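Notes for the one structure printed next.
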Amino acid sequence: MKPERLKQILTYDPLSGSIYTIKSKRKLIADHDGLVVVFDPIEKKSYKLKLDRIACMLAFGVAISDNKRVLHRDLNVEDNSLKNLMVVSRSVFLAVKEAHRNLTQEIKMLQHPTDQFKYVVHWLEKGQEKQKVVHDITEARKLMLRLQLKYSKVLTKYCMFD
């Protein structure tokens, strides 16, 4: 659906991030996948679109291509306010998601299953699980710190947190 046609059907509040239908003033609410159904009365056709993509198309006035993604800068997918939305390439979007996942749950140091003096550091890199066996706990901690710093740089480049 083109942004010009969307502007004839919907209205967007950039401060709250809410999207309303012009005719009935009904607020659009996304399902668990973030999708809403928009009906075009002229074409008599329904479109299933992501709420954040609709917000970007209404705010910026341009269609978002398939190789672009909408990044929520505070990583809260419920907040569609204009200051929170950013259109990025697919590779950047995946890098941010991977960095967030690494920092929240994937980077971990475990003791080696057979040798009590070795440690195994686990993390995700380009969608694959990586691990490295380290013979000293201080070296393992240094590796974890380097990985945390690497992924926190990615997050701070594209995201903003309070």
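Ordered as shown in the structure tokens, chains take letters A, B, and onward, while each chain numbers its residues from 1 and ligands are numbered from 1 in the order shown.
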(message) Env of Leu58 in chain A: 8 Å cut, atoms = only C-alpha atoms, seq-sep filter 3 positions within chain, self excluded. Answer as a ChimeraX atom specification.
(response) /A:3,6-7,11-12,54-55,61-62
Export of the given selection (C-alpha atoms) as a CSV table (one decimal), in the first residue's frame:
```csv
chain,number,residue,atom,x,y,z
A,3,PRO,CA,1.9,6.1,1.8
A,6,LEU,CA,-2.5,5.4,3.8
A,7,LYS,CA,-2.7,9.1,4.6
A,11,THR,CA,-3.9,9.5,10.9
A,12,TYR,CA,-0.7,9.2,13.0
A,54,ILE,CA,2.6,2.1,9.0
A,55,ALA,CA,3.9,4.7,11.5
A,61,GLY,CA,5.8,9.9,3.7
A,62,VAL,CA,7.8,7.3,1.8
```
(request) For range 17-26 of chain A, work out the shell of residues within 8 Å, counting only C-alpha atoms and skipping chain neighbours fewer than 3 positions away, then give it as a PyMOL selection string. (result) chain A and resi 8-14+55+79-82
Go ahead and write the selection's residues with N, CA and C atoms as a PDB file, in the first residue's frame.
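Result written to again.pdb:
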```pdb
ATOM      1  N   GLN A   8      -4.752   8.937   3.421  1.00  0.00           N
ATOM      2  CA  GLN A   8      -6.168   9.206   3.201  1.00  0.00           C
ATOM      3  C   GLN A   8      -7.058   8.359   4.114  1.00  0.00           C
ATOM      4  N   ILE A   9      -6.508   7.248   4.601  1.00  0.00           N
ATOM      5  CA  ILE A   9      -7.289   6.327   5.429  1.00  0.00           C
ATOM      6  C   ILE A   9      -6.976   6.485   6.913  1.00  0.00           C
ATOM      7  N   LEU A  10      -5.692   6.734   7.231  1.00  0.00           N
ATOM      8  CA  LEU A  10      -5.238   6.728   8.624  1.00  0.00           C
ATOM      9  C   LEU A  10      -4.618   8.060   9.007  1.00  0.00           C
ATOM     10  N   THR A  11      -4.563   8.303  10.306  1.00  0.00           N
ATOM     11  CA  THR A  11      -3.854   9.453  10.853  1.00  0.00           C
ATOM     12  C   THR A  11      -2.916   8.971  11.960  1.00  0.00           C
ATOM     13  N   TYR A  12      -1.788   9.670  12.111  1.00  0.00           N
ATOM     14  CA  TYR A  12      -0.724   9.243  13.032  1.00  0.00           C
ATOM     15  C   TYR A  12      -0.403  10.363  14.000  1.00  0.00           C
ATOM     16  N   ASP A  13      -0.341  10.024  15.288  1.00  0.00           N
ATOM     17  CA  ASP A  13       0.069  10.974  16.317  1.00  0.00           C
ATOM     18  C   ASP A  13       1.530  10.691  16.641  1.00  0.00           C
ATOM     19  N   PRO A  14       2.477  11.556  16.236  1.00  0.00           N
ATOM     20  CA  PRO A  14       3.900  11.261  16.424  1.00  0.00           C
ATOM     21  C   PRO A  14       4.357  11.266  17.881  1.00  0.00           C
ATOM     22  N   ALA A  55       3.484   3.460  10.829  1.00  0.00           N
ATOM     23  CA  ALA A  55       3.869   4.705  11.498  1.00  0.00           C
ATOM     24  C   ALA A  55       4.983   5.413  10.733  1.00  0.00           C
ATOM     25  N   ASP A  79       6.281   0.912  21.605  1.00  0.00           N
ATOM     26  CA  ASP A  79       6.370   2.369  21.490  1.00  0.00           C
ATOM     27  C   ASP A  79       6.617   2.760  20.034  1.00  0.00           C
ATOM     28  N   ASN A  80       5.602   3.297  19.373  1.00  0.00           N
ATOM     29  CA  ASN A  80       5.721   3.705  17.977  1.00  0.00           C
ATOM     30  C   ASN A  80       5.788   5.214  17.822  1.00  0.00           C
ATOM     31  N   SER A  81       6.256   5.919  18.851  1.00  0.00           N
ATOM     32  CA  SER A  81       6.401   7.370  18.729  1.00  0.00           C
ATOM     33  C   SER A  81       7.525   7.681  17.741  1.00  0.00           C
ATOM     34  N   LEU A  82       7.448   8.834  17.139  1.00  0.00           N
ATOM     35  CA  LEU A  82       8.373   9.192  16.067  1.00  0.00           C
ATOM     36  C   LEU A  82       9.829   9.218  16.532  1.00  0.00           C
TER      37      LEU A  82
END
```
Just the residues within 7 Å of range 85-100 of chain A, please, counting only C-alpha atoms, with nothing from its chain fewer than 5 positions along; format it as a CSV table (one decimal) with N, CA and C atoms, in the first residue's frame.
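Everything below was put into around05.csv:
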```csv
chain,number,residue,atom,x,y,z
A,67,ASN,N,14.1,-4.6,1.9
A,67,ASN,CA,15.4,-4.8,2.5
A,67,ASN,C,15.6,-3.9,3.6
A,68,LYS,N,14.7,-3.1,4.0
A,68,LYS,CA,14.8,-2.2,5.2
A,68,LYS,C,13.9,-2.7,6.3
A,69,ARG,N,14.3,-2.3,7.5
A,69,ARG,CA,13.5,-2.7,8.7
A,69,ARG,C,13.4,-1.5,9.6
A,70,VAL,N,12.3,-1.5,10.4
A,70,VAL,CA,12.1,-0.4,11.4
A,70,VAL,C,12.7,-0.8,12.7
A,71,LEU,N,13.6,0.0,13.2
A,71,LEU,CA,14.3,-0.3,14.5
A,71,LEU,C,13.7,0.6,15.5
A,72,HIS,N,13.2,0.0,16.6
A,72,HIS,CA,12.8,0.8,17.8
A,72,HIS,C,14.0,1.1,18.6
A,73,ARG,N,14.3,2.4,18.7
A,73,ARG,CA,15.6,2.8,19.3
A,73,ARG,C,15.7,2.5,20.8
A,80,ASN,N,5.6,3.3,19.4
A,80,ASN,CA,5.7,3.7,18.0
A,80,ASN,C,5.8,5.2,17.8
A,151,TYR,N,29.7,-5.6,21.7
A,151,TYR,CA,28.2,-5.6,21.4
A,151,TYR,C,27.6,-4.4,22.0
A,152,SER,N,28.1,-3.8,23.1
A,152,SER,CA,27.5,-2.6,23.7
A,152,SER,C,27.8,-1.4,22.7
A,154,VAL,N,27.8,-1.6,19.5
A,154,VAL,CA,26.8,-1.7,18.4
A,154,VAL,C,25.4,-1.1,18.9
A,155,LEU,N,25.1,-1.5,20.2
A,155,LEU,CA,23.8,-1.0,20.7
A,155,LEU,C,23.8,0.5,20.9
```
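The gap separating CA of Gln116 in chain A from CA of Val133 in chain A is 11.9 Å, in Å to one decimal.
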(request) Step one, run DSSP on the backbone; step two, keep only residues of chain A assigned to strand (DSSP E); then write them as a ChimeraX atom specification. (result) /A:10-12,19-21,35-40,45-50,68-72,85-89,108-111,119-125,128-134
Export, as a compact mmCIF listing (two decimals), in the first residue's frame, the selected residues with N, CA and C atoms.
```
# COMPACT_ATOMS: atom_id res chain seq x y z
N LEU A 10 -5.69 6.73 7.23
CA LEU A 10 -5.24 6.73 8.62
C LEU A 10 -4.62 8.06 9.01
N THR A 11 -4.56 8.30 10.31
CA THR A 11 -3.85 9.45 10.85
C THR A 11 -2.92 8.97 11.96
N TYR A 12 -1.79 9.67 12.11
CA TYR A 12 -0.72 9.24 13.03
C TYR A 12 -0.40 10.36 14.00
N ILE A 19 -2.06 5.26 16.02
CA ILE A 19 -2.57 5.39 14.66
C ILE A 19 -4.08 5.18 14.72
N TYR A 20 -4.82 6.12 14.08
CA TYR A 20 -6.27 6.08 14.10
C TYR A 20 -6.80 6.07 12.67
N THR A 21 -7.99 5.49 12.50
CA THR A 21 -8.67 5.60 11.22
C THR A 21 -9.31 6.99 11.15
N LEU A 35 1.00 -6.96 13.80
CA LEU A 35 0.29 -6.70 12.55
C LEU A 35 -1.10 -6.13 12.78
N VAL A 36 -1.54 -5.30 11.84
CA VAL A 36 -2.91 -4.78 11.84
C VAL A 36 -3.48 -4.96 10.43
N VAL A 37 -4.78 -5.00 10.34
CA VAL A 37 -5.46 -5.12 9.05
C VAL A 37 -6.01 -3.75 8.70
N VAL A 38 -5.63 -3.27 7.52
CA VAL A 38 -6.10 -1.98 7.02
C VAL A 38 -6.96 -2.26 5.79
N PHE A 39 -8.18 -1.77 5.81
CA PHE A 39 -9.09 -1.98 4.69
C PHE A 39 -9.14 -0.72 3.84
N ASP A 40 -8.93 -0.89 2.54
CA ASP A 40 -9.03 0.22 1.59
C ASP A 40 -10.40 0.17 0.93
N LYS A 45 -10.09 -3.85 -0.69
CA LYS A 45 -9.04 -4.84 -0.42
C LYS A 45 -8.46 -4.59 0.97
N SER A 46 -8.14 -5.67 1.67
CA SER A 46 -7.53 -5.57 2.99
C SER A 46 -6.03 -5.81 2.89
N TYR A 47 -5.29 -5.07 3.69
CA TYR A 47 -3.83 -5.21 3.75
C TYR A 47 -3.44 -5.53 5.18
N LYS A 48 -2.52 -6.45 5.34
CA LYS A 48 -1.99 -6.78 6.65
C LYS A 48 -0.59 -6.19 6.74
N LEU A 49 -0.42 -5.19 7.61
CA LEU A 49 0.84 -4.46 7.71
C LEU A 49 1.28 -4.38 9.16
N LYS A 50 2.60 -4.23 9.35
CA LYS A 50 3.13 -4.03 10.69
C LYS A 50 2.84 -2.58 11.12
N LYS A 68 14.65 -3.07 4.03
CA LYS A 68 14.77 -2.15 5.17
C LYS A 68 13.90 -2.65 6.31
N ARG A 69 14.29 -2.31 7.54
CA ARG A 69 13.54 -2.69 8.73
C ARG A 69 13.36 -1.46 9.60
N VAL A 70 12.33 -1.49 10.42
CA VAL A 70 12.08 -0.41 11.37
C VAL A 70 12.68 -0.83 12.71
N LEU A 71 13.61 -0.01 13.19
CA LEU A 71 14.27 -0.27 14.47
C LEU A 71 13.66 0.63 15.53
N HIS A 72 13.24 0.03 16.62
CA HIS A 72 12.76 0.80 17.77
C HIS A 72 14.00 1.14 18.59
N LEU A 85 11.44 5.63 16.40
CA LEU A 85 11.50 4.85 15.16
C LEU A 85 12.67 5.29 14.29
N MET A 86 13.29 4.29 13.66
CA MET A 86 14.43 4.54 12.78
C MET A 86 14.43 3.46 11.70
N VAL A 87 14.56 3.84 10.45
CA VAL A 87 14.60 2.88 9.35
C VAL A 87 16.06 2.55 9.06
N VAL A 88 16.39 1.26 9.14
CA VAL A 88 17.77 0.81 8.93
C VAL A 88 17.76 -0.36 7.95
N SER A 89 18.93 -0.72 7.47
CA SER A 89 19.03 -1.88 6.59
C SER A 89 18.83 -3.16 7.39
N LYS A 108 28.19 -15.89 28.08
CA LYS A 108 28.31 -16.53 29.40
C LYS A 108 29.60 -17.33 29.46
N MET A 109 30.08 -17.48 30.69
CA MET A 109 31.29 -18.24 30.94
C MET A 109 30.91 -19.42 31.83
N LEU A 110 31.25 -20.62 31.35
CA LEU A 110 30.95 -21.84 32.10
C LEU A 110 32.23 -22.61 32.32
N GLN A 111 32.22 -23.42 33.35
CA GLN A 111 33.38 -24.27 33.60
C GLN A 111 33.38 -25.41 32.60
N TYR A 119 37.84 -22.99 31.16
CA TYR A 119 36.54 -22.33 31.10
C TYR A 119 36.12 -22.20 29.64
N VAL A 120 34.82 -22.24 29.42
CA VAL A 120 34.26 -22.12 28.07
C VAL A 120 33.41 -20.85 28.03
N VAL A 121 33.73 -19.97 27.08
CA VAL A 121 32.97 -18.74 26.89
C VAL A 121 32.07 -18.94 25.67
N HIS A 122 30.76 -18.67 25.85
CA HIS A 122 29.75 -18.84 24.79
C HIS A 122 29.21 -17.48 24.38
N TRP A 123 28.93 -17.30 23.07
CA TRP A 123 28.28 -16.10 22.54
C TRP A 123 27.72 -16.39 21.15
N LEU A 124 26.96 -15.47 20.60
CA LEU A 124 26.42 -15.57 19.24
C LEU A 124 27.19 -14.64 18.32
N GLU A 125 27.48 -15.13 17.13
CA GLU A 125 28.14 -14.29 16.14
C GLU A 125 27.58 -14.62 14.76
N GLN A 128 25.25 -17.65 14.60
CA GLN A 128 25.76 -18.96 14.98
C GLN A 128 26.33 -18.90 16.39
N GLU A 129 26.13 -19.99 17.12
CA GLU A 129 26.68 -20.07 18.47
C GLU A 129 28.18 -20.31 18.38
N LYS A 130 28.93 -19.50 19.09
CA LYS A 130 30.39 -19.65 19.13
C LYS A 130 30.78 -19.97 20.56
N GLN A 131 31.90 -20.66 20.68
CA GLN A 131 32.44 -20.92 22.01
C GLN A 131 33.96 -21.02 21.90
N LYS A 132 34.60 -20.66 22.99
CA LYS A 132 36.06 -20.71 23.02
C LYS A 132 36.48 -21.25 24.38
N VAL A 133 37.39 -22.20 24.35
CA VAL A 133 37.92 -22.79 25.58
C VAL A 133 39.15 -21.98 25.98
N VAL A 134 39.15 -21.51 27.24
CA VAL A 134 40.24 -20.69 27.75
C VAL A 134 40.82 -21.40 28.98
```
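Proximity ranking of A:Leu75, A:Ile107, A:Ile42, A:Ile29 relative to Leu143 in chain A places A:Ile107 first, based on only C-alpha atoms.
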